[in-house]
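To keep things clear, I will list the structure first and then write my remarks on it.
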Amino acid sequence: FSDYFGIFGDVTGTLEIDPANIEAAKVSVTIPVSKVVTASAGLTDHLLRDGQNGAAPDFFGSNPADATFVSTSVTKTGDTTADIVGDFTLNGVTKPVTIAAEFTGAGANPFNQKQTVGFSGRARITRTDFNVNFGPQFVTDTVDLDIVAAFEK
């Protein structure tokens, strides 16, 4: 009856970008699924719980592989926006995913003075495409991914 959300932190990755040639940009990130956090301890436990009696887990299981995203193309869609298409791997399944990305700022990080560039993005996946099969009759199959990222040089 209401939406749940989780946060995946400790993401690592690389960005290669030339502001004069945005469409040549490349991004690669690794998302530690095992570190998912939700506002409900019960939900977090369920996400990371093994399947019963040898069955597949409802969501990720207790020792999930990291998820990854590796870009395959970038298409500029506006002055500060682009579509980033890439291969997203989750639960051992790789599928193409498009991130609608927006540049949010760049400059020296005030804490460490490293040059930093920030982006936000949004993507949508179908969870059963990635073997997350729990309760499709009462838990939506469509998952919206809200992404915020900063890369330091």
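A note on labels: chains of the structure tokens are A, B, ... as shown, every chain counts residues from 1, and ligands are counted from 1 in their shown order.
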
Spatial neighbours of range 137-151 of chain A, 10 Å, only C-alpha atoms, chain gap at least 5 places, as a ChimeraX atom specification: /A:1,3-8,11-16,99-106,114-129,132

Mind writing the picked residues with C-alpha atoms as an mmCIF file, in the first residue's frame?
```cif
data_model
loop_
_atom_site.group_PDB
_atom_site.id
_atom_site.type_symbol
_atom_site.label_atom_id
_atom_site.label_comp_id
_atom_site.auth_asym_id
_atom_site.auth_seq_id
_atom_site.Cartn_x
_atom_site.Cartn_y
_atom_site.Cartn_z
ATOM 1 C CA PHE A 1 0.000 0.000 0.000
ATOM 2 C CA ASP A 3 6.419 2.381 -1.532
ATOM 3 C CA TYR A 4 9.548 1.073 0.152
ATOM 4 C CA PHE A 5 13.029 2.180 -0.659
ATOM 5 C CA GLY A 6 16.544 1.112 0.085
ATOM 6 C CA ILE A 7 19.848 2.902 -0.032
ATOM 7 C CA PHE A 8 22.963 1.373 -1.510
ATOM 8 C CA VAL A 11 29.483 2.564 -4.266
ATOM 9 C CA THR A 12 32.821 2.769 -6.065
ATOM 10 C CA GLY A 13 33.590 3.554 -9.651
ATOM 11 C CA THR A 14 35.326 5.557 -12.307
ATOM 12 C CA LEU A 15 34.304 8.292 -14.693
ATOM 13 C CA GLU A 16 36.185 9.350 -17.799
ATOM 14 C CA ILE A 99 20.082 6.288 -16.931
ATOM 15 C CA ALA A 100 18.607 9.737 -17.567
ATOM 16 C CA ALA A 101 21.476 11.760 -16.060
ATOM 17 C CA GLU A 102 21.828 15.412 -15.136
ATOM 18 C CA PHE A 103 24.996 17.318 -14.319
ATOM 19 C CA THR A 104 24.550 18.954 -10.888
ATOM 20 C CA GLY A 105 27.850 20.749 -10.363
ATOM 21 C CA ALA A 106 31.632 20.722 -10.365
ATOM 22 C CA LYS A 114 39.901 17.545 -4.847
ATOM 23 C CA GLN A 115 38.226 18.434 -8.118
ATOM 24 C CA THR A 116 34.735 16.909 -7.972
ATOM 25 C CA VAL A 117 31.892 16.538 -10.447
ATOM 26 C CA GLY A 118 28.341 15.594 -9.444
ATOM 27 C CA PHE A 119 25.402 14.026 -11.224
ATOM 28 C CA SER A 120 21.909 12.809 -10.512
ATOM 29 C CA GLY A 121 20.031 10.251 -12.526
ATOM 30 C CA ARG A 122 17.027 8.045 -12.800
ATOM 31 C CA ALA A 123 16.581 4.587 -14.274
ATOM 32 C CA ARG A 124 13.862 1.959 -14.214
ATOM 33 C CA ILE A 125 14.328 -1.789 -14.091
ATOM 34 C CA THR A 126 12.012 -4.771 -14.030
ATOM 35 C CA ARG A 127 13.116 -6.715 -10.967
ATOM 36 C CA THR A 128 12.029 -10.147 -12.195
ATOM 37 C CA ASP A 129 14.391 -9.654 -15.164
ATOM 38 C CA VAL A 132 14.225 -10.922 -7.894
#
```

All alpha helix (DSSP H) positions in chain A, as a ChimeraX atom specification: /A:41-47

Mind writing the picked residues with N, CA and C atoms as a PDB file, in the first residue's frame?
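Result file is result.pdb:
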```
ATOM      1  N   ALA A  41      14.080  -2.689   9.700  1.00  0.00           N
ATOM      2  CA  ALA A  41      15.011  -3.799   9.954  1.00  0.00           C
ATOM      3  C   ALA A  41      14.463  -5.102   9.391  1.00  0.00           C
ATOM      4  N   GLY A  42      13.153  -5.301   9.480  1.00  0.00           N
ATOM      5  CA  GLY A  42      12.532  -6.508   8.945  1.00  0.00           C
ATOM      6  C   GLY A  42      12.679  -6.609   7.436  1.00  0.00           C
ATOM      7  N   LEU A  43      12.517  -5.483   6.747  1.00  0.00           N
ATOM      8  CA  LEU A  43      12.672  -5.474   5.298  1.00  0.00           C
ATOM      9  C   LEU A  43      14.131  -5.724   4.917  1.00  0.00           C
ATOM     10  N   THR A  44      15.057  -5.073   5.594  1.00  0.00           N
ATOM     11  CA  THR A  44      16.473  -5.295   5.295  1.00  0.00           C
ATOM     12  C   THR A  44      16.825  -6.764   5.495  1.00  0.00           C
ATOM     13  N   ASP A  45      16.344  -7.354   6.600  1.00  0.00           N
ATOM     14  CA  ASP A  45      16.578  -8.771   6.854  1.00  0.00           C
ATOM     15  C   ASP A  45      16.018  -9.632   5.729  1.00  0.00           C
ATOM     16  N   HIS A  46      14.818  -9.310   5.267  1.00  0.00           N
ATOM     17  CA  HIS A  46      14.192 -10.092   4.199  1.00  0.00           C
ATOM     18  C   HIS A  46      14.993  -9.967   2.899  1.00  0.00           C
ATOM     19  N   LEU A  47      15.458  -8.780   2.586  1.00  0.00           N
ATOM     20  CA  LEU A  47      16.236  -8.590   1.362  1.00  0.00           C
ATOM     21  C   LEU A  47      17.499  -9.442   1.353  1.00  0.00           C
TER      22      LEU A  47
END
```

Which residue of A:Asp79, A:Gly135, A:Val97, A:Gly107 approaches Ala20 in chain A most closely, using only C-alpha atoms: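 Of the candidates, the smallest distance to Ala20 in chain A is held by A:Asp79.
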
Contacts of Ile31 in chain A at 6 Å (only C-alpha atoms; same-chain gap of 6+ positions) as a list in words: Val11, Asp66, Ala67 and Thr68 of chain A

Could the residues in this selection be saved with N, CA, C and O atoms as a compact mmCIF listing (two decimals), in the first residue's frame?
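Okay, again-v2.txt is ready:
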```
# COMPACT_ATOMS: atom_id res chain seq x y z
N VAL A 11 29.32 2.83 -2.84
CA VAL A 11 29.48 2.56 -4.27
C VAL A 11 30.85 3.09 -4.69
O VAL A 11 31.27 4.17 -4.26
N ASP A 66 28.17 -8.22 -5.78
CA ASP A 66 27.99 -6.80 -6.05
C ASP A 66 27.27 -6.62 -7.39
O ASP A 66 27.46 -7.41 -8.31
N ALA A 67 26.48 -5.58 -7.49
CA ALA A 67 25.89 -5.19 -8.76
C ALA A 67 26.89 -4.28 -9.47
O ALA A 67 27.73 -3.64 -8.82
N THR A 68 26.81 -4.23 -10.79
CA THR A 68 27.70 -3.35 -11.56
C THR A 68 26.92 -2.65 -12.66
O THR A 68 25.89 -3.14 -13.13
```

Among listed residues A:Ser40, A:Thr98, A:Thr77, A:Asn91, nearest Pro64 in chain A (using only C-alpha atoms): A:Asn91

For Ser73 in chain A: contacts at 10 Å, only C-alpha atoms, fewer than 5 positions along chain excluded, given as a list in words: Glu23, Ala24, Ala25, Lys26, Val27, Asp83, Ile84, Val85, Gly86 and Thr98 of chain A

How about saving the chosen residues, N, CA, C and O atoms kept, as a CSV table (one decimal), in the first residue's frame?
```csv
chain,number,residue,atom,x,y,z
A,23,GLU,N,29.7,12.8,-25.2
A,23,GLU,CA,29.3,11.5,-25.7
A,23,GLU,C,30.4,10.5,-25.7
A,23,GLU,O,30.2,9.3,-26.0
A,24,ALA,N,31.7,10.9,-25.5
A,24,ALA,CA,32.8,9.9,-25.3
A,24,ALA,C,33.0,9.5,-23.9
A,24,ALA,O,33.9,8.7,-23.6
A,25,ALA,N,32.1,10.0,-23.0
A,25,ALA,CA,32.3,9.7,-21.5
A,25,ALA,C,32.1,8.2,-21.3
A,25,ALA,O,31.3,7.5,-22.0
A,26,LYS,N,32.8,7.7,-20.2
A,26,LYS,CA,32.6,6.3,-19.8
A,26,LYS,C,32.5,6.3,-18.3
A,26,LYS,O,33.2,7.0,-17.6
A,27,VAL,N,31.6,5.5,-17.8
A,27,VAL,CA,31.4,5.3,-16.4
A,27,VAL,C,31.3,3.8,-16.1
A,27,VAL,O,30.7,3.0,-16.8
A,83,ASP,N,21.6,10.8,-21.7
A,83,ASP,CA,21.1,9.4,-21.5
A,83,ASP,C,22.4,8.5,-21.5
A,83,ASP,O,23.2,8.6,-22.5
A,84,ILE,N,22.6,7.8,-20.4
A,84,ILE,CA,23.7,6.9,-20.3
A,84,ILE,C,23.2,5.5,-20.4
A,84,ILE,O,22.4,5.0,-19.6
A,85,VAL,N,23.5,4.8,-21.5
A,85,VAL,CA,23.1,3.4,-21.6
A,85,VAL,C,24.3,2.5,-21.2
A,85,VAL,O,25.4,2.8,-21.5
A,86,GLY,N,24.0,1.4,-20.5
A,86,GLY,CA,25.0,0.5,-20.1
A,86,GLY,C,24.5,-0.8,-19.7
A,86,GLY,O,23.3,-1.1,-19.7
A,98,THR,N,19.1,2.2,-19.2
A,98,THR,CA,19.3,3.6,-19.5
A,98,THR,C,19.1,4.5,-18.3
A,98,THR,O,18.1,4.4,-17.7
```

Interatomic distance (Å, one decimal) between CA of Arg49 in chain A and CA of Ser62 in chain A: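 Taking CA of Arg49 in chain A and CA of Ser62 in chain A, their separation equals 5.3 Å.
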
Please report, as a PDB file with N, CA and C atoms, in the first residue's frame, each residue of range 19-132 of chain A to which DSSP assigns strand (DSSP E or B) when run on this structure's backbone.
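The resulting file, part-v9.pdb, is shown below:
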```pdb
ATOM      1  N   LYS A  26      32.760   7.713 -20.241  1.00  0.00           N
ATOM      2  CA  LYS A  26      32.620   6.321 -19.824  1.00  0.00           C
ATOM      3  C   LYS A  26      32.499   6.287 -18.313  1.00  0.00           C
ATOM      4  N   VAL A  27      31.581   5.457 -17.825  1.00  0.00           N
ATOM      5  CA  VAL A  27      31.392   5.300 -16.391  1.00  0.00           C
ATOM      6  C   VAL A  27      31.287   3.812 -16.065  1.00  0.00           C
ATOM      7  N   SER A  28      31.859   3.459 -14.937  1.00  0.00           N
ATOM      8  CA  SER A  28      31.805   2.086 -14.450  1.00  0.00           C
ATOM      9  C   SER A  28      31.671   2.149 -12.936  1.00  0.00           C
ATOM     10  N   VAL A  29      30.654   1.487 -12.376  1.00  0.00           N
ATOM     11  CA  VAL A  29      30.451   1.513 -10.930  1.00  0.00           C
ATOM     12  C   VAL A  29      30.169   0.114 -10.401  1.00  0.00           C
ATOM     13  N   THR A  30      30.513  -0.082  -9.136  1.00  0.00           N
ATOM     14  CA  THR A  30      30.242  -1.312  -8.412  1.00  0.00           C
ATOM     15  C   THR A  30      29.410  -0.964  -7.189  1.00  0.00           C
ATOM     16  N   ILE A  31      28.289  -1.665  -7.032  1.00  0.00           N
ATOM     17  CA  ILE A  31      27.333  -1.394  -5.960  1.00  0.00           C
ATOM     18  C   ILE A  31      27.294  -2.595  -5.016  1.00  0.00           C
ATOM     19  N   VAL A  37      20.519  -0.675   2.926  1.00  0.00           N
ATOM     20  CA  VAL A  37      19.914  -0.186   4.160  1.00  0.00           C
ATOM     21  C   VAL A  37      18.490   0.267   3.834  1.00  0.00           C
ATOM     22  N   THR A  38      17.548  -0.104   4.707  1.00  0.00           N
ATOM     23  CA  THR A  38      16.176   0.387   4.562  1.00  0.00           C
ATOM     24  C   THR A  38      15.733   0.974   5.898  1.00  0.00           C
ATOM     25  N   ALA A  67      26.479  -5.583  -7.486  1.00  0.00           N
ATOM     26  CA  ALA A  67      25.885  -5.192  -8.759  1.00  0.00           C
ATOM     27  C   ALA A  67      26.886  -4.278  -9.471  1.00  0.00           C
ATOM     28  N   THR A  68      26.809  -4.231 -10.792  1.00  0.00           N
ATOM     29  CA  THR A  68      27.700  -3.353 -11.558  1.00  0.00           C
ATOM     30  C   THR A  68      26.922  -2.646 -12.657  1.00  0.00           C
ATOM     31  N   PHE A  69      27.442  -1.503 -13.054  1.00  0.00           N
ATOM     32  CA  PHE A  69      26.945  -0.782 -14.227  1.00  0.00           C
ATOM     33  C   PHE A  69      28.153  -0.316 -15.004  1.00  0.00           C
ATOM     34  N   VAL A  70      28.194  -0.662 -16.292  1.00  0.00           N
ATOM     35  CA  VAL A  70      29.283  -0.249 -17.175  1.00  0.00           C
ATOM     36  C   VAL A  70      28.645   0.381 -18.408  1.00  0.00           C
ATOM     37  N   SER A  71      28.945   1.658 -18.630  1.00  0.00           N
ATOM     38  CA  SER A  71      28.324   2.359 -19.750  1.00  0.00           C
ATOM     39  C   SER A  71      28.788   1.806 -21.087  1.00  0.00           C
ATOM     40  N   THR A  72      27.872   1.861 -22.058  1.00  0.00           N
ATOM     41  CA  THR A  72      28.191   1.467 -23.430  1.00  0.00           C
ATOM     42  C   THR A  72      28.014   2.634 -24.398  1.00  0.00           C
ATOM     43  N   SER A  73      27.220   3.643 -23.994  1.00  0.00           N
ATOM     44  CA  SER A  73      27.066   4.841 -24.824  1.00  0.00           C
ATOM     45  C   SER A  73      26.502   5.976 -23.983  1.00  0.00           C
ATOM     46  N   VAL A  74      26.816   7.185 -24.408  1.00  0.00           N
ATOM     47  CA  VAL A  74      26.285   8.394 -23.772  1.00  0.00           C
ATOM     48  C   VAL A  74      25.753   9.282 -24.888  1.00  0.00           C
ATOM     49  N   THR A  75      24.511   9.734 -24.736  1.00  0.00           N
ATOM     50  CA  THR A  75      23.899  10.617 -25.719  1.00  0.00           C
ATOM     51  C   THR A  75      23.453  11.889 -25.022  1.00  0.00           C
ATOM     52  N   LYS A  76      24.008  13.013 -25.433  1.00  0.00           N
ATOM     53  CA  LYS A  76      23.638  14.305 -24.866  1.00  0.00           C
ATOM     54  C   LYS A  76      22.194  14.610 -25.237  1.00  0.00           C
ATOM     55  N   THR A  81      22.103  17.541 -19.543  1.00  0.00           N
ATOM     56  CA  THR A  81      21.509  16.213 -19.424  1.00  0.00           C
ATOM     57  C   THR A  81      22.028  15.267 -20.503  1.00  0.00           C
ATOM     58  N   ALA A  82      21.980  13.984 -20.182  1.00  0.00           N
ATOM     59  CA  ALA A  82      22.385  12.949 -21.137  1.00  0.00           C
ATOM     60  C   ALA A  82      21.729  11.634 -20.759  1.00  0.00           C
ATOM     61  N   ASP A  83      21.564  10.778 -21.741  1.00  0.00           N
ATOM     62  CA  ASP A  83      21.144   9.407 -21.493  1.00  0.00           C
ATOM     63  C   ASP A  83      22.392   8.545 -21.509  1.00  0.00           C
ATOM     64  N   ILE A  84      22.588   7.795 -20.429  1.00  0.00           N
ATOM     65  CA  ILE A  84      23.729   6.885 -20.320  1.00  0.00           C
ATOM     66  C   ILE A  84      23.178   5.467 -20.413  1.00  0.00           C
ATOM     67  N   VAL A  85      23.539   4.768 -21.462  1.00  0.00           N
ATOM     68  CA  VAL A  85      23.123   3.377 -21.645  1.00  0.00           C
ATOM     69  C   VAL A  85      24.281   2.500 -21.210  1.00  0.00           C
ATOM     70  N   GLY A  86      23.954   1.429 -20.502  1.00  0.00           N
ATOM     71  CA  GLY A  86      25.020   0.534 -20.077  1.00  0.00           C
ATOM     72  C   GLY A  86      24.503  -0.821 -19.692  1.00  0.00           C
ATOM     73  N   ASP A  87      25.445  -1.695 -19.392  1.00  0.00           N
ATOM     74  CA  ASP A  87      25.129  -3.040 -18.947  1.00  0.00           C
ATOM     75  C   ASP A  87      25.055  -3.044 -17.424  1.00  0.00           C
ATOM     76  N   PHE A  88      23.881  -3.392 -16.901  1.00  0.00           N
ATOM     77  CA  PHE A  88      23.642  -3.472 -15.473  1.00  0.00           C
ATOM     78  C   PHE A  88      23.566  -4.945 -15.103  1.00  0.00           C
ATOM     79  N   THR A  89      24.381  -5.331 -14.126  1.00  0.00           N
ATOM     80  CA  THR A  89      24.395  -6.718 -13.670  1.00  0.00           C
ATOM     81  C   THR A  89      23.931  -6.765 -12.224  1.00  0.00           C
ATOM     82  N   LEU A  90      22.919  -7.607 -11.967  1.00  0.00           N
ATOM     83  CA  LEU A  90      22.362  -7.799 -10.638  1.00  0.00           C
ATOM     84  C   LEU A  90      21.925  -9.252 -10.533  1.00  0.00           C
ATOM     85  N   VAL A  93      22.569 -11.549 -13.519  1.00  0.00           N
ATOM     86  CA  VAL A  93      21.913 -11.285 -14.799  1.00  0.00           C
ATOM     87  C   VAL A  93      22.355  -9.910 -15.287  1.00  0.00           C
ATOM     88  N   THR A  94      22.713  -9.826 -16.568  1.00  0.00           N
ATOM     89  CA  THR A  94      23.121  -8.563 -17.172  1.00  0.00           C
ATOM     90  C   THR A  94      22.108  -8.162 -18.225  1.00  0.00           C
ATOM     91  N   LYS A  95      21.633  -6.921 -18.107  1.00  0.00           N
ATOM     92  CA  LYS A  95      20.665  -6.367 -19.062  1.00  0.00           C
ATOM     93  C   LYS A  95      21.030  -4.913 -19.328  1.00  0.00           C
ATOM     94  N   PRO A  96      20.661  -4.398 -20.512  1.00  0.00           N
ATOM     95  CA  PRO A  96      20.894  -2.975 -20.764  1.00  0.00           C
ATOM     96  C   PRO A  96      19.931  -2.117 -19.945  1.00  0.00           C
ATOM     97  N   VAL A  97      20.452  -1.019 -19.413  1.00  0.00           N
ATOM     98  CA  VAL A  97      19.660  -0.069 -18.633  1.00  0.00           C
ATOM     99  C   VAL A  97      20.047   1.331 -19.094  1.00  0.00           C
ATOM    100  N   THR A  98      19.079   2.230 -19.165  1.00  0.00           N
ATOM    101  CA  THR A  98      19.339   3.614 -19.522  1.00  0.00           C
ATOM    102  C   THR A  98      19.145   4.504 -18.304  1.00  0.00           C
ATOM    103  N   ILE A  99      20.156   5.310 -18.012  1.00  0.00           N
ATOM    104  CA  ILE A  99      20.082   6.288 -16.931  1.00  0.00           C
ATOM    105  C   ILE A  99      19.881   7.659 -17.554  1.00  0.00           C
ATOM    106  N   ALA A 100      18.810   8.339 -17.179  1.00  0.00           N
ATOM    107  CA  ALA A 100      18.607   9.737 -17.567  1.00  0.00           C
ATOM    108  C   ALA A 100      19.389  10.568 -16.557  1.00  0.00           C
ATOM    109  N   ALA A 101      20.543  11.097 -16.974  1.00  0.00           N
ATOM    110  CA  ALA A 101      21.476  11.760 -16.060  1.00  0.00           C
ATOM    111  C   ALA A 101      21.441  13.274 -16.229  1.00  0.00           C
ATOM    112  N   GLU A 102      21.732  13.955 -15.117  1.00  0.00           N
ATOM    113  CA  GLU A 102      21.828  15.412 -15.136  1.00  0.00           C
ATOM    114  C   GLU A 102      23.060  15.848 -14.356  1.00  0.00           C
ATOM    115  N   PHE A 103      23.839  16.717 -14.963  1.00  0.00           N
ATOM    116  CA  PHE A 103      24.996  17.318 -14.319  1.00  0.00           C
ATOM    117  C   PHE A 103      24.490  18.246 -13.223  1.00  0.00           C
ATOM    118  N   THR A 104      25.027  18.119 -11.985  1.00  0.00           N
ATOM    119  CA  THR A 104      24.550  18.954 -10.888  1.00  0.00           C
ATOM    120  C   THR A 104      25.591  19.938 -10.374  1.00  0.00           C
ATOM    121  N   GLY A 105      26.849  19.781 -10.778  1.00  0.00           N
ATOM    122  CA  GLY A 105      27.850  20.749 -10.363  1.00  0.00           C
ATOM    123  C   GLY A 105      29.254  20.194 -10.394  1.00  0.00           C
ATOM    124  N   ALA A 106      30.221  21.115 -10.370  1.00  0.00           N
ATOM    125  CA  ALA A 106      31.632  20.722 -10.365  1.00  0.00           C
ATOM    126  C   ALA A 106      32.438  21.802  -9.660  1.00  0.00           C
ATOM    127  N   GLY A 107      33.567  21.380  -9.103  1.00  0.00           N
ATOM    128  CA  GLY A 107      34.450  22.323  -8.440  1.00  0.00           C
ATOM    129  C   GLY A 107      35.302  21.622  -7.412  1.00  0.00           C
ATOM    130  N   ALA A 108      35.995  22.408  -6.620  1.00  0.00           N
ATOM    131  CA  ALA A 108      36.849  21.850  -5.577  1.00  0.00           C
ATOM    132  C   ALA A 108      35.996  21.440  -4.384  1.00  0.00           C
ATOM    133  N   GLN A 115      39.193  18.062  -7.094  1.00  0.00           N
ATOM    134  CA  GLN A 115      38.226  18.434  -8.118  1.00  0.00           C
ATOM    135  C   GLN A 115      37.132  17.362  -8.149  1.00  0.00           C
ATOM    136  N   THR A 116      35.874  17.813  -8.098  1.00  0.00           N
ATOM    137  CA  THR A 116      34.735  16.909  -7.972  1.00  0.00           C
ATOM    138  C   THR A 116      33.668  17.296  -8.984  1.00  0.00           C
ATOM    139  N   VAL A 117      33.007  16.305  -9.536  1.00  0.00           N
ATOM    140  CA  VAL A 117      31.892  16.538 -10.447  1.00  0.00           C
ATOM    141  C   VAL A 117      30.718  15.694  -9.961  1.00  0.00           C
ATOM    142  N   GLY A 118      29.513  16.280  -9.968  1.00  0.00           N
ATOM    143  CA  GLY A 118      28.341  15.594  -9.444  1.00  0.00           C
ATOM    144  C   GLY A 118      27.248  15.431 -10.475  1.00  0.00           C
ATOM    145  N   PHE A 119      26.499  14.340 -10.323  1.00  0.00           N
ATOM    146  CA  PHE A 119      25.402  14.026 -11.224  1.00  0.00           C
ATOM    147  C   PHE A 119      24.241  13.438 -10.443  1.00  0.00           C
ATOM    148  N   SER A 120      23.056  13.563 -10.997  1.00  0.00           N
ATOM    149  CA  SER A 120      21.909  12.809 -10.512  1.00  0.00           C
ATOM    150  C   SER A 120      21.345  12.061 -11.706  1.00  0.00           C
ATOM    151  N   GLY A 121      20.587  11.025 -11.423  1.00  0.00           N
ATOM    152  CA  GLY A 121      20.031  10.251 -12.526  1.00  0.00           C
ATOM    153  C   GLY A 121      18.850   9.434 -12.080  1.00  0.00           C
ATOM    154  N   ARG A 122      18.185   8.888 -13.064  1.00  0.00           N
ATOM    155  CA  ARG A 122      17.027   8.045 -12.800  1.00  0.00           C
ATOM    156  C   ARG A 122      17.002   6.935 -13.845  1.00  0.00           C
ATOM    157  N   ALA A 123      16.717   5.731 -13.376  1.00  0.00           N
ATOM    158  CA  ALA A 123      16.581   4.587 -14.274  1.00  0.00           C
ATOM    159  C   ALA A 123      15.441   3.722 -13.756  1.00  0.00           C
ATOM    160  N   ARG A 124      14.945   2.867 -14.596  1.00  0.00           N
ATOM    161  CA  ARG A 124      13.862   1.959 -14.214  1.00  0.00           C
ATOM    162  C   ARG A 124      14.241   0.554 -14.663  1.00  0.00           C
ATOM    163  N   ILE A 125      14.083  -0.397 -13.745  1.00  0.00           N
ATOM    164  CA  ILE A 125      14.328  -1.789 -14.091  1.00  0.00           C
ATOM    165  C   ILE A 125      13.094  -2.613 -13.760  1.00  0.00           C
ATOM    166  N   THR A 126      13.025  -3.777 -14.357  1.00  0.00           N
ATOM    167  CA  THR A 126      12.012  -4.771 -14.030  1.00  0.00           C
ATOM    168  C   THR A 126      12.718  -5.820 -13.186  1.00  0.00           C
TER     169      THR A 126
END
```

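CA of Asn133 in chain A lies 17.8 Å from CA of Ser34 in chain A.
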